[in-house]
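Okay, final.txt is below, compact mmCIF, C-alpha atoms:
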```txt
# COMPACT_ATOMS: atom_id res chain seq x y z
CA MET A 86 -142.70 -3.74 14.74
CA ALA A 87 -145.80 -2.88 12.73
CA ALA A 88 -146.51 0.06 15.05
CA GLY A 89 -142.96 1.32 14.55
CA LEU A 90 -143.33 1.12 10.78
CA ARG A 91 -146.61 3.06 10.97
CA LYS A 92 -144.95 5.78 13.09
CA ARG A 93 -142.06 6.02 10.63
CA GLY A 94 -144.53 6.23 7.74
CA ARG A 95 -146.46 9.03 9.39
CA SER A 96 -143.35 10.99 10.31
CA GLY A 97 -142.00 10.47 6.80
CA SER A 98 -145.18 11.77 5.14
CA ALA A 99 -145.24 14.76 7.52
CA ALA A 100 -141.61 15.55 6.73
CA GLN A 101 -142.34 15.24 3.00
CA ALA A 102 -145.30 17.62 3.29
CA ALA A 103 -143.19 20.08 5.28
CA GLY A 104 -140.46 19.88 2.64
CA LEU A 105 -142.91 20.55 -0.18
CA CYS A 106 -144.35 23.50 1.74
CA LYS A 107 -140.85 24.88 2.32
CA GLN A 108 -139.99 24.55 -1.37
CA TRP A 109 -143.25 26.26 -2.33
CA LEU A 110 -142.57 29.17 0.04
CA GLN A 111 -138.99 29.50 -1.22
CA ARG A 112 -140.24 29.60 -4.79
CA ALA A 113 -142.86 32.19 -3.86
CA TRP A 114 -140.16 34.34 -2.23
CA GLN A 115 -137.97 34.06 -5.30
CA GLU A 116 -140.89 35.16 -7.44
CA ARG A 117 -142.12 37.78 -4.96
CA ARG A 118 -142.55 40.40 -7.67
CA LEU A 119 -144.79 38.08 -9.64
CA LEU A 120 -146.61 37.25 -6.40
CA LEU A 121 -148.46 40.55 -6.55
CA ARG A 122 -149.08 40.52 -10.28
CA GLU A 123 -149.85 36.95 -11.33
CA PRO A 124 -153.42 35.67 -10.69
CA ARG A 125 -152.07 32.15 -10.11
CA TYR A 126 -150.94 33.34 -6.67
CA THR A 127 -154.45 34.43 -5.70
CA LEU A 128 -154.91 31.77 -3.03
CA LEU A 129 -151.59 32.52 -1.32
CA VAL A 130 -152.27 36.25 -1.20
CA ALA A 131 -155.86 35.54 -0.13
CA ALA A 132 -154.66 33.41 2.79
CA CYS A 133 -152.36 36.21 4.00
CA LEU A 134 -155.09 38.82 3.65
CA CYS A 135 -157.66 36.68 5.47
CA LEU A 136 -155.25 36.28 8.39
CA ALA A 137 -154.73 40.04 8.42
CA GLU A 138 -158.47 40.58 8.29
CA VAL A 139 -158.97 38.48 11.43
CA GLY A 140 -156.85 40.98 13.34
CA ILE A 141 -158.31 44.06 11.65
CA THR A 142 -161.90 42.96 12.23
CA PHE A 143 -161.15 42.09 15.87
CA TRP A 144 -159.58 45.54 16.32
CA VAL A 145 -162.57 47.29 14.69
CA ILE A 146 -165.07 45.48 16.93
CA HIS A 147 -163.20 46.31 20.14
CA ARG A 148 -161.91 49.80 19.32
CA VAL A 149 -164.59 51.44 17.17
CA ALA A 150 -167.97 52.27 18.66
CA TYR A 151 -170.99 50.31 17.46
CA THR A 152 -173.71 52.44 15.85
CA GLU A 153 -177.35 51.42 16.21
CA ILE A 154 -179.33 51.86 12.98
CA ASP A 155 -181.52 48.88 12.05
CA TRP A 156 -180.57 46.04 14.43
CA LYS A 157 -183.22 46.84 17.05
CA ALA A 158 -185.81 47.18 14.32
CA TYR A 159 -184.84 43.77 12.91
CA MET A 160 -185.17 42.20 16.34
CA ALA A 161 -188.56 43.84 16.99
CA GLN A 162 -189.89 42.62 13.63
CA VAL A 163 -188.65 39.08 14.25
CA GLU A 164 -190.06 39.13 17.79
CA GLY A 165 -193.47 39.90 16.33
CA VAL A 166 -193.30 36.67 14.30
CA ILE A 167 -192.13 34.71 17.35
CA ASN A 168 -195.13 36.05 19.25
CA GLY A 169 -197.47 34.65 16.59
CA THR A 170 -198.05 37.55 14.17
CA TYR A 171 -197.87 36.28 10.57
CA ASP A 172 -199.62 39.22 8.91
CA TYR A 173 -196.82 41.25 7.33
CA THR A 174 -198.83 44.45 7.53
CA GLN A 175 -198.79 44.16 11.33
CA LEU A 176 -195.04 43.60 11.73
CA GLN A 177 -193.26 46.81 12.71
CA GLY A 178 -189.89 47.94 14.06
CA ASP A 179 -188.40 51.19 15.32
CA THR A 180 -187.53 52.30 11.79
CA GLY A 181 -190.75 51.19 10.07
CA PRO A 182 -192.58 48.11 8.79
CA LEU A 183 -191.00 44.79 7.83
CA VAL A 184 -190.14 45.04 4.12
CA TYR A 185 -187.91 41.97 3.63
CA PRO A 186 -188.96 38.47 2.48
CA ALA A 187 -189.40 35.45 4.72
CA GLY A 188 -185.80 34.21 4.55
CA PHE A 189 -184.75 37.34 6.42
CA VAL A 190 -187.21 36.48 9.20
CA TYR A 191 -185.88 32.94 9.69
CA ILE A 192 -182.19 33.90 9.61
CA PHE A 193 -182.59 36.85 11.95
CA MET A 194 -184.79 34.74 14.19
CA GLY A 195 -181.73 32.53 14.66
CA LEU A 196 -179.65 35.63 15.42
CA TYR A 197 -182.36 36.77 17.86
CA TYR A 198 -181.89 33.63 19.94
CA ALA A 199 -178.10 33.52 19.50
CA THR A 200 -177.73 37.05 20.86
CA GLY A 201 -180.04 36.82 23.88
CA ARG A 202 -183.11 38.28 22.16
CA GLY A 203 -180.94 40.77 20.31
CA THR A 204 -179.41 42.31 23.44
CA ASP A 205 -175.88 40.89 23.17
CA ILE A 206 -174.45 43.25 20.56
CA ARG A 207 -170.88 41.97 20.95
CA MET A 208 -172.02 38.43 20.12
CA ALA A 209 -173.86 39.77 17.07
CA GLN A 210 -170.70 41.60 15.97
CA ASN A 211 -168.64 38.42 16.33
CA ILE A 212 -171.16 36.49 14.24
CA PHE A 213 -171.04 39.17 11.54
CA ALA A 214 -167.23 39.11 11.69
CA VAL A 215 -167.36 35.39 10.84
CA LEU A 216 -169.85 36.25 8.09
CA TYR A 217 -167.39 38.83 6.74
CA LEU A 218 -164.53 36.33 6.65
CA ALA A 219 -166.80 33.74 4.98
CA THR A 220 -167.70 36.34 2.35
CA LEU A 221 -164.01 37.00 1.66
CA LEU A 222 -163.31 33.29 1.36
CA LEU A 223 -166.14 32.77 -1.15
CA VAL A 224 -165.09 35.83 -3.16
CA PHE A 225 -161.45 34.69 -3.29
CA LEU A 226 -162.56 31.27 -4.53
CA ILE A 227 -164.40 33.00 -7.37
CA TYR A 228 -161.36 35.10 -8.27
CA HIS A 229 -159.11 32.05 -8.10
CA GLN A 230 -161.21 30.30 -10.72
CA THR A 231 -161.36 33.30 -13.06
CA CYS A 232 -157.61 34.05 -12.92
CA LYS A 233 -158.05 37.61 -14.16
CA VAL A 234 -157.29 39.99 -11.31
CA PRO A 235 -153.70 40.65 -10.14
CA PRO A 236 -153.39 39.79 -6.43
CA PHE A 237 -152.14 43.23 -5.35
CA VAL A 238 -155.67 44.56 -5.99
CA PHE A 239 -157.08 42.36 -3.22
CA PHE A 240 -155.42 44.53 -0.57
CA PHE A 241 -157.74 47.36 -1.59
CA MET A 242 -160.69 44.96 -1.56
CA CYS A 243 -159.93 43.87 2.01
CA CYS A 244 -157.92 45.95 4.40
CA ALA A 245 -158.41 49.38 2.83
CA SER A 246 -162.21 49.69 2.95
CA TYR A 247 -163.52 51.35 6.10
CA ARG A 248 -167.11 51.47 4.84
CA VAL A 249 -167.41 47.72 4.24
CA HIS A 250 -166.00 46.84 7.68
CA SER A 251 -168.51 49.27 9.14
CA ILE A 252 -171.46 47.74 7.27
CA PHE A 253 -170.58 44.26 8.47
CA VAL A 254 -169.52 44.63 12.12
CA LEU A 255 -170.49 48.14 13.22
CA ARG A 256 -173.98 48.41 11.70
CA LEU A 257 -175.18 44.77 11.44
CA PHE A 258 -177.26 45.29 8.31
CA ASN A 259 -178.98 42.42 6.50
CA ASP A 260 -177.26 43.22 3.18
CA PRO A 261 -174.12 41.17 4.04
CA VAL A 262 -176.27 38.12 4.83
CA ALA A 263 -177.86 38.28 1.38
CA MET A 264 -174.50 38.74 -0.33
CA VAL A 265 -172.72 35.82 1.37
CA LEU A 266 -175.53 33.54 0.17
CA LEU A 267 -175.22 35.05 -3.31
CA PHE A 268 -171.47 34.39 -3.48
CA LEU A 269 -172.07 30.83 -2.27
CA SER A 270 -174.57 30.47 -5.11
CA ILE A 271 -172.02 31.70 -7.67
CA ASN A 272 -169.42 29.22 -6.39
CA LEU A 273 -171.96 26.41 -6.85
CA LEU A 274 -172.71 27.60 -10.40
CA LEU A 275 -168.99 27.61 -11.17
CA ALA A 276 -168.84 24.00 -9.91
CA GLN A 277 -171.69 23.17 -12.35
CA HIS A 278 -174.14 22.49 -9.50
CA TRP A 279 -176.88 24.48 -11.18
CA GLY A 280 -179.75 23.21 -9.03
CA TRP A 281 -178.02 24.02 -5.74
CA GLY A 282 -176.79 27.30 -7.18
CA CYS A 283 -180.36 28.34 -8.01
CA CYS A 284 -181.49 27.19 -4.56
CA PHE A 285 -179.02 29.43 -2.74
CA PHE A 286 -179.67 32.26 -5.19
CA SER A 287 -183.34 32.12 -4.25
CA LEU A 288 -182.40 31.94 -0.58
CA ALA A 289 -180.35 35.13 -1.02
CA VAL A 290 -183.34 36.82 -2.67
CA SER A 291 -185.45 35.78 0.32
CA VAL A 292 -183.17 37.83 2.59
CA LYS A 293 -183.13 41.00 0.48
CA MET A 294 -184.50 41.81 -2.95
CA ASN A 295 -181.37 43.51 -4.29
CA VAL A 296 -180.06 40.07 -5.33
CA LEU A 297 -182.63 40.19 -8.15
CA LEU A 298 -180.22 42.53 -9.96
CA PHE A 299 -178.22 39.37 -10.75
CA ALA A 300 -181.35 37.61 -12.08
CA PRO A 301 -181.15 38.77 -15.75
CA GLY A 302 -177.61 37.40 -15.95
CA LEU A 303 -178.61 34.13 -14.30
CA LEU A 304 -181.56 33.73 -16.68
CA PHE A 305 -179.25 34.27 -19.65
CA LEU A 306 -176.81 31.65 -18.34
CA LEU A 307 -179.58 29.13 -17.72
CA LEU A 308 -180.94 29.56 -21.25
CA THR A 309 -177.43 29.29 -22.70
CA GLN A 310 -176.69 26.12 -20.77
CA PHE A 311 -180.04 24.32 -20.92
CA GLY A 312 -182.41 26.06 -23.35
CA PHE A 313 -185.93 27.09 -22.37
CA ARG A 314 -187.27 23.67 -21.37
CA GLY A 315 -184.11 22.70 -19.53
CA ALA A 316 -184.09 25.99 -17.62
CA LEU A 317 -187.67 25.59 -16.36
CA PRO A 318 -186.82 23.13 -13.54
CA LYS A 319 -184.07 25.48 -12.29
CA LEU A 320 -186.45 28.44 -12.39
CA GLY A 321 -188.97 26.24 -10.60
CA ILE A 322 -186.46 25.74 -7.78
CA CYS A 323 -186.12 29.53 -7.41
CA ALA A 324 -189.87 30.11 -7.38
CA GLY A 325 -190.72 27.05 -5.28
CA LEU A 326 -188.32 28.00 -2.50
CA GLN A 327 -189.89 31.46 -2.26
CA VAL A 328 -193.33 29.88 -1.86
CA VAL A 329 -192.14 27.40 0.78
CA LEU A 330 -190.35 30.06 2.84
CA GLY A 331 -193.23 32.50 2.62
CA LEU A 332 -196.00 29.94 3.14
CA PRO A 333 -196.93 30.85 6.78
CA PHE A 334 -197.24 34.50 5.77
CA LEU A 335 -198.96 33.76 2.44
CA LEU A 336 -201.62 31.73 4.23
CA GLU A 337 -202.28 34.59 6.67
CA ASN A 338 -202.30 37.54 4.26
CA PRO A 339 -200.90 36.85 0.78
CA ILE A 340 -201.39 40.38 -0.58
CA GLY A 341 -199.86 41.91 2.53
CA TYR A 342 -196.81 39.63 2.33
CA LEU A 343 -196.16 40.19 -1.39
CA SER A 344 -196.78 43.93 -1.28
CA ARG A 345 -194.45 44.43 1.68
CA SER A 346 -191.60 41.98 0.98
CA PHE A 347 -191.43 42.51 -2.81
CA ASP A 348 -192.37 46.18 -3.07
CA LEU A 349 -190.64 47.33 -6.25
CA GLY A 350 -192.12 50.82 -6.03
CA ARG A 351 -190.98 51.69 -2.51
CA GLN A 352 -190.04 55.35 -2.14
CA PHE A 353 -186.58 56.24 -0.82
CA LEU A 354 -185.69 59.29 1.28
CA PHE A 355 -183.59 61.93 -0.46
CA ARG A 356 -181.46 62.61 2.62
CA TRP A 357 -179.91 59.11 2.49
CA THR A 358 -179.10 58.97 -1.22
CA VAL A 359 -175.46 58.45 -2.17
CA ASN A 360 -175.82 58.58 -5.95
CA TRP A 361 -178.35 61.34 -6.77
CA ARG A 362 -177.45 64.17 -4.36
CA PHE A 363 -176.86 66.62 -7.23
CA LEU A 364 -180.51 66.40 -8.35
CA PRO A 365 -183.35 68.55 -6.98
CA GLU A 366 -185.38 66.57 -4.45
CA ALA A 367 -188.57 67.01 -6.48
CA LEU A 368 -186.95 65.34 -9.50
CA PHE A 369 -185.47 62.59 -7.33
CA LEU A 370 -188.96 61.72 -6.06
CA HIS A 371 -190.74 62.06 -9.42
CA ARG A 372 -192.17 58.88 -10.97
CA ALA A 373 -191.12 59.95 -14.46
CA PHE A 374 -187.49 59.93 -13.32
CA HIS A 375 -187.94 56.43 -11.88
CA LEU A 376 -189.47 55.18 -15.16
CA ALA A 377 -186.62 56.73 -17.16
CA LEU A 378 -184.07 54.91 -14.99
CA LEU A 379 -185.97 51.64 -15.44
CA ALA A 380 -186.06 52.13 -19.21
CA ALA A 381 -182.33 52.84 -19.32
CA HIS A 382 -181.65 49.80 -17.11
CA LEU A 383 -183.64 47.43 -19.33
CA THR A 384 -182.20 48.93 -22.54
CA LEU A 385 -178.61 48.47 -21.43
CA LEU A 386 -179.30 44.92 -20.24
CA LEU A 387 -180.78 44.11 -23.65
CA LEU A 388 -177.80 45.63 -25.46
CA PHE A 389 -175.32 43.63 -23.39
CA ALA A 390 -177.34 40.45 -23.87
CA LEU A 391 -177.55 40.94 -27.65
CA CYS A 392 -174.09 42.32 -28.38
CA ARG A 393 -171.76 41.16 -25.60
CA TRP A 394 -173.01 38.14 -23.67
CA HIS A 395 -174.37 36.26 -26.70
CA ARG A 396 -171.39 35.41 -28.93
CA THR A 397 -172.33 32.32 -30.92
CA GLY A 398 -173.28 34.20 -34.10
CA GLU A 399 -176.85 32.88 -34.04
CA SER A 400 -179.97 34.85 -33.19
CA ILE A 401 -180.50 35.31 -29.48
CA MET A 402 -183.78 33.42 -29.92
CA SER A 403 -181.67 30.30 -30.45
CA LEU A 404 -181.16 30.26 -26.68
CA LEU A 405 -184.74 29.05 -26.34
CA ARG A 406 -183.93 25.87 -28.26
CA ASP A 407 -182.39 22.77 -26.77
CA PRO A 408 -178.57 23.14 -26.92
CA SER A 409 -178.26 19.94 -28.97
CA LYS A 410 -180.56 21.37 -31.66
CA ARG A 411 -178.77 24.67 -32.19
CA LYS A 412 -176.92 25.33 -35.44
CA VAL A 413 -173.72 26.30 -33.62
CA PRO A 414 -172.71 23.64 -31.07
CA PRO A 415 -172.74 25.26 -27.62
CA GLN A 416 -169.41 25.72 -25.91
CA PRO A 417 -169.11 24.92 -22.18
CA LEU A 418 -169.62 27.97 -20.03
CA THR A 419 -166.26 29.10 -18.69
CA PRO A 420 -165.85 30.58 -15.19
CA ASN A 421 -165.22 33.98 -16.73
CA HIS A 422 -168.37 33.80 -18.85
CA ILE A 423 -170.45 32.97 -15.77
CA VAL A 424 -168.87 35.56 -13.49
CA SER A 425 -168.74 38.31 -16.10
CA THR A 426 -172.42 37.89 -17.00
CA LEU A 427 -173.60 37.87 -13.38
CA PHE A 428 -171.38 40.73 -12.18
CA THR A 429 -172.21 42.90 -15.21
CA SER A 430 -175.94 42.28 -14.79
CA ASN A 431 -175.76 43.43 -11.17
CA PHE A 432 -173.56 46.42 -11.97
CA ILE A 433 -175.92 47.73 -14.65
CA GLY A 434 -178.75 47.59 -12.13
CA ILE A 435 -176.71 49.54 -9.58
CA CYS A 436 -175.80 52.22 -12.14
CA PHE A 437 -179.49 52.95 -12.71
CA SER A 438 -180.77 52.47 -9.16
CA ARG A 439 -183.35 54.99 -7.97
CA SER A 440 -181.24 55.46 -4.87
CA LEU A 441 -178.22 53.92 -3.21
CA HIS A 442 -177.91 54.02 0.58
CA TYR A 443 -174.63 53.55 2.42
CA GLN A 444 -175.21 49.89 3.29
CA PHE A 445 -175.87 49.13 -0.39
CA TYR A 446 -172.13 49.41 -1.07
CA VAL A 447 -171.72 45.69 -0.36
CA TRP A 448 -174.08 44.93 -3.26
CA TYR A 449 -171.17 45.35 -5.66
CA PHE A 450 -168.04 46.22 -3.67
CA HIS A 451 -166.45 42.76 -3.96
CA THR A 452 -167.19 42.60 -7.69
CA LEU A 453 -165.42 45.86 -8.57
CA PRO A 454 -161.89 44.37 -8.97
CA TYR A 455 -163.24 41.87 -11.49
CA LEU A 456 -165.23 44.50 -13.39
CA LEU A 457 -162.15 46.73 -13.64
CA TRP A 458 -159.44 44.16 -14.36
CA ALA A 459 -161.16 41.26 -16.13
CA THR A 460 -161.36 42.91 -19.55
CA PRO A 461 -158.25 44.17 -21.38
CA ALA A 462 -158.12 47.93 -21.96
CA ARG A 463 -154.86 49.65 -22.89
CA TRP A 464 -156.28 53.08 -22.13
CA LEU A 465 -157.10 52.05 -18.56
CA THR A 466 -153.79 51.44 -16.79
CA HIS A 467 -153.40 49.86 -13.37
CA LEU A 468 -153.00 53.32 -11.87
CA LEU A 469 -156.20 54.61 -13.46
CA ARG A 470 -158.13 51.53 -12.30
CA LEU A 471 -156.87 52.05 -8.76
CA LEU A 472 -157.90 55.69 -9.04
CA VAL A 473 -161.43 54.62 -10.01
CA LEU A 474 -161.53 52.25 -7.01
CA GLY A 475 -160.29 55.00 -4.73
CA LEU A 476 -162.85 57.54 -5.98
CA ILE A 477 -165.67 55.03 -5.51
CA GLU A 478 -164.49 54.33 -1.95
CA LEU A 479 -164.24 58.07 -1.27
CA SER A 480 -167.75 58.66 -2.61
CA TRP A 481 -169.20 56.00 -0.33
CA ASN A 482 -167.28 57.36 2.67
CA THR A 483 -168.51 60.92 2.20
CA TYR A 484 -171.25 61.51 4.77
CA PRO A 485 -173.55 63.17 4.14
CA SER A 486 -173.16 62.79 0.41
CA THR A 487 -172.54 65.88 -1.68
CA SER A 488 -173.19 66.82 -5.28
CA CYS A 489 -169.49 66.27 -6.02
CA SER A 490 -169.35 62.82 -4.38
CA SER A 491 -172.47 61.67 -6.23
CA ALA A 492 -171.18 63.02 -9.55
CA ALA A 493 -167.80 61.34 -8.99
CA LEU A 494 -169.56 58.04 -8.32
CA HIS A 495 -171.47 58.27 -11.61
CA VAL A 496 -168.30 59.15 -13.53
CA CYS A 497 -166.56 56.07 -12.10
CA HIS A 498 -169.55 53.89 -12.95
CA ALA A 499 -169.53 55.27 -16.50
CA VAL A 500 -165.82 54.43 -16.88
CA ILE A 501 -166.45 50.84 -15.76
CA LEU A 502 -169.45 50.48 -18.08
CA LEU A 503 -167.42 51.81 -20.99
CA GLN A 504 -164.62 49.37 -20.28
CA LEU A 505 -167.06 46.46 -20.04
CA TRP A 506 -168.65 47.41 -23.34
CA LEU A 507 -165.32 47.83 -25.16
CA GLY A 508 -163.63 44.89 -23.48
CA LEU A 509 -166.29 42.23 -24.11
CA GLN A 510 -166.01 41.90 -27.86
CA PRO A 511 -168.97 40.56 -29.88
CA PHE A 512 -168.78 37.46 -32.04
CA PRO A 513 -166.54 38.28 -35.04
CA LYS A 514 -168.29 38.21 -38.41
CA SER A 515 -165.39 36.49 -40.15
CA SER A 516 -165.67 33.46 -37.90
CA GLN A 517 -169.43 33.39 -38.46
CA HIS A 518 -168.91 33.16 -42.20
CA SER A 519 -166.20 30.53 -41.85
CA LYS A 520 -168.48 28.38 -39.74
CA LYS A 521 -171.29 28.68 -42.29
CA ALA A 522 -168.92 27.76 -45.11
CA HIS A 523 -167.58 24.82 -43.18
```
Just give me the structure of the file as structure tokens.
Amino acid sequence: MAAGLRKRGRSGSAAQAAGLCKQWLQRAWQERRLLLREPRYTLLVAACLCLAEVGITFWVIHRVAYTEIDWKAYMAQVEGVINGTYDYTQLQGDTGPLVYPAGFVYIFMGLYYATGRGTDIRMAQNIFAVLYLATLLLVFLIYHQTCKVPPFVFFFMCCASYRVHSIFVLRLFNDPVAMVLLFLSINLLLAQHWGWGCCFFSLAVSVKMNVLLFAPGLLFLLLTQFGFRGALPKLGICAGLQVVLGLPFLLENPIGYLSRSFDLGRQFLFRWTVNWRFLPEALFLHRAFHLALLAAHLTLLLLFALCRWHRTGESIMSLLRDPSKRKVPPQPLTPNHIVSTLFTSNFIGICFSRSLHYQFYVWYFHTLPYLLWATPARWLTHLLRLLVLGLIELSWNTYPSTSCSSAALHVCHAVILLQLWLGLQPFPKSSQHSKKAH
């Protein structure tokens, strides 16, 4: 009797769930036009696109030829560590010395063993396919929480990008590994798990240094949320993890490890540049040009921090104080404030990069829909935003790059920067005065 009641209860709950699902699908069909325009349908559209991506990625792996670029070099560098070499200056691969931090070594050591010492390319491609789908899932979770981007845009972020599929499953670069850890970190920050978010942010940095482009935005958010003293433990997590991961190499040759894995002055080859093809090679390689880009990068970051990110009406120095002691009570950081600050910080760094190579596209590809659609701009219609996305994709798919493709990329970047500057309005003076009067 009791067993029969339990069976009826289970079947009843299953039928109820099926009925709710049917009603939800019927409602979605009735509102199918809104389905592509309303951000509240992000998860439904994301689920459909992820299912489509499973098939597309499988087709790409089995139908498009794999191209060897850096995978063998990664495996040779990792094999050197496995054989007992901890001096970074002695670790070499087919394409040059090891120039990535220790996290890269540990993760690709796992891939070394999972792929039969790096020889099973198909297994490596399948692992990177899973990594690609995990990246999409984490990105969709971010967009779901921000509720800013119309779902029809996600088709162009997923199925329509040949270059990104190639970077993940046809080239097996380390850039996607760093970015999936970065997007996991952002999801943890959005869930207010600041310690774990900083931990995974540091882990992403330990795979590839490009993640440091998000660091100015993260520092601003930490100061806004906790003040200087409160932010120190979180910054300690970031620094401490780097020390722990790099400890075997630091003990062997600390200068060699730091100079190789965190080489900020590394020279790039002109033949691989995507963004500066229209310049003479001599200017591209000149240190004065590099310093000018760095100055422009830091200046624009400072302007955004002063005039766009900081909107309380107080001096930016107030961020150093404990939040409870500030004149204007701090407001909780919204998902859009967190995501906008981090994505903008990274994008500014990319705009003024000394060089962008083809695999660097994943550094900001998944953030472009947010950067284009998150801020209101009447002059930038949906069609124009899609045109900007298309021109960026075309620029990254032009091989070798040309003066026109590089110039088009900079024009698109300038349009996005202009929209970000005009769309993120500073703190209105009238409200400042009203608060003082109150």
Select from segment 279-362 of chain A every residue with an atom at most 8 Å from any atom of segment 262-275 of chain A, then for each give the shortest pair of atoms and their distance in Å to one decimal, using only C-alpha atoms, rows by chain and rising number, as CSV.
```
residue,atom,partner,partner_atom,distance
A:Trp279,CA,A:Leu274,CA,5.3
A:Trp281,CA,A:Leu273,CA,6.6
A:Gly282,CA,A:Ser270,CA,4.4
A:Cys283,CA,A:Ser270,CA,6.8
A:Cys284,CA,A:Ser270,CA,7.7
A:Phe285,CA,A:Ser270,CA,5.1
A:Phe286,CA,A:Ser270,CA,5.4
A:Leu288,CA,A:Leu266,CA,7.1
A:Ala289,CA,A:Ala263,CA,4.7
A:Val290,CA,A:Ala263,CA,7.0
A:Val292,CA,A:Ala263,CA,5.5
A:Lys293,CA,A:Ala263,CA,6.0
A:Val296,CA,A:Leu267,CA,7.3
```
**OP:** Record the distance separating atom CA of Tyr126 of chain A and atom CA of Glu138 of chain A, expressed in Å with one decimal.
**Re:** 18.2 Å
Which polymer residues have any atom within 12 Å of an atom of Thr419 of chain A, counting only C-alpha atoms, with same-chain residues fewer than 6 positions away left out, as a PDB file with C-alpha atoms, keeping the file's coordinate frame?
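Output saved as result.pdb:
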```
ATOM      1  CA  GLN A 230    -161.210  30.300 -10.720  1.00  0.00           C
ATOM      2  CA  THR A 231    -161.360  33.300 -13.060  1.00  0.00           C
ATOM      3  CA  CYS A 232    -157.610  34.050 -12.920  1.00  0.00           C
ATOM      4  CA  LEU A 274    -172.710  27.600 -10.400  1.00  0.00           C
ATOM      5  CA  LEU A 275    -168.990  27.610 -11.170  1.00  0.00           C
ATOM      6  CA  ALA A 276    -168.840  24.000  -9.910  1.00  0.00           C
ATOM      7  CA  GLN A 277    -171.690  23.170 -12.350  1.00  0.00           C
ATOM      8  CA  LEU A 306    -176.810  31.650 -18.340  1.00  0.00           C
ATOM      9  CA  THR A 309    -177.430  29.290 -22.700  1.00  0.00           C
ATOM     10  CA  GLN A 310    -176.690  26.120 -20.770  1.00  0.00           C
ATOM     11  CA  SER A 425    -168.740  38.310 -16.100  1.00  0.00           C
ATOM     12  CA  THR A 426    -172.420  37.890 -17.000  1.00  0.00           C
TER      13      THR A 426
END
```
**OP:** Can you work out the spacing between atom CA of Leu308 of chain A and atom CA of Leu379 of chain A in Å, to one decimal?
**Re:**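 Straight-line distance from atom CA of Leu308 of chain A to atom CA of Leu379 of chain A works out to 23.4 Å.
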Original post:
How far is it from atom CA of Ala209 of chain A to atom CA of Asn259 of chain A, in Å with one decimal?
Top reply: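 So the answer is 12.0 Å.
Across A:Val424, A:Val184, A:Leu494, A:Ala158, the tightest approach to Ser346 of chain A is made by A:Val184 when counting only C-alpha atoms.
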Box for segment 386-395 of chain A: with edges along x, y and z, all listed atoms inside and 4 Å added on each side, what are the centre and edge lengths in Å to one decimal, as JSON?
```
{"center_x": -176.3, "center_y": 40.9, "center_z": -24.3, "size_x": 17.0, "size_y": 17.4, "size_z": 16.1}
```
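Around Ile501 of chain A, within 9 Å and counting only C-alpha atoms, the residues found are A:Leu453, A:Leu456, A:Leu457, A:Val473, A:Val496, A:Trp506, once anything fewer than 5 positions away on its own chain is removed.
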Could you save those same residues with C-alpha atoms as a short mmCIF file (atom, residue, chain, number, x, y, z; two decimals), in the frame of the given file?
```
data_model
loop_
_atom_site.label_atom_id
_atom_site.label_comp_id
_atom_site.auth_asym_id
_atom_site.auth_seq_id
_atom_site.Cartn_x
_atom_site.Cartn_y
_atom_site.Cartn_z
CA LEU A 453 -165.42 45.86 -8.57
CA LEU A 456 -165.23 44.50 -13.39
CA LEU A 457 -162.15 46.73 -13.64
CA VAL A 473 -161.43 54.62 -10.01
CA VAL A 496 -168.30 59.15 -13.53
CA TRP A 506 -168.65 47.41 -23.34
#
```
**OP:** Tell me which of A:Tyr342, A:Tyr443, A:Tyr191, A:Phe437 sits closest to Phe253 of chain A, counting all atoms listed in the file.
**Re:**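 So, comparing all the options, the nearest one is A:Tyr443.
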Original post:
Which residues, written as an NGL selection string, have at least one atom at most 6 Å from Phe299 of chain A, with all atoms listed in the file counted and residues fewer than 6 positions away on the same chain left out?
Top reply: :A and (427 or 430-431)
Please produce a file of those selected residues containing C-alpha atoms, as a CSV table (one decimal), in the frame of the given file.
```
chain,number,residue,atom,x,y,z
A,427,LEU,CA,-173.6,37.9,-13.4
A,430,SER,CA,-175.9,42.3,-14.8
A,431,ASN,CA,-175.8,43.4,-11.2
```
**OP:** Just the residues within 9 Å of Trp481 of chain A, please, counting all atoms listed in the file, with nothing from its chain fewer than 3 positions along; format it as a PyMOL selection string.
**Re:** chain A and resi 248+359+442-443+446+476-478+484+486+490-491+494
Dump as a CSV table (one decimal), in the coordinates of the input, selection limited to C-alpha atoms:
```csv
chain,number,residue,atom,x,y,z
A,248,ARG,CA,-167.1,51.5,4.8
A,359,VAL,CA,-175.5,58.4,-2.2
A,442,HIS,CA,-177.9,54.0,0.6
A,443,TYR,CA,-174.6,53.6,2.4
A,446,TYR,CA,-172.1,49.4,-1.1
A,476,LEU,CA,-162.8,57.5,-6.0
A,477,ILE,CA,-165.7,55.0,-5.5
A,478,GLU,CA,-164.5,54.3,-2.0
A,484,TYR,CA,-171.2,61.5,4.8
A,486,SER,CA,-173.2,62.8,0.4
A,490,SER,CA,-169.4,62.8,-4.4
A,491,SER,CA,-172.5,61.7,-6.2
A,494,LEU,CA,-169.6,58.0,-8.3
```
How close does each residue of segment 170-235 of chain A get to segment 147-157 of chain A, giving the shortest atom pair and distance in Å to one decimal for every residue with an atom at most 8 Å away, counting all atoms listed in the file, sorted by chain and residue number, as JSON lines?
```
{"residue": "A:Gly178", "atom": "CA", "partner": "A:Lys157", "partner_atom": "CA", "distance": 7.4}
{"residue": "A:Asp179", "atom": "CA", "partner": "A:Lys157", "partner_atom": "CA", "distance": 7.0}
{"residue": "A:Thr180", "atom": "CA", "partner": "A:Asp155", "partner_atom": "CA", "distance": 6.9}
{"residue": "A:Gly203", "atom": "CA", "partner": "A:Lys157", "partner_atom": "CA", "distance": 7.3}
```
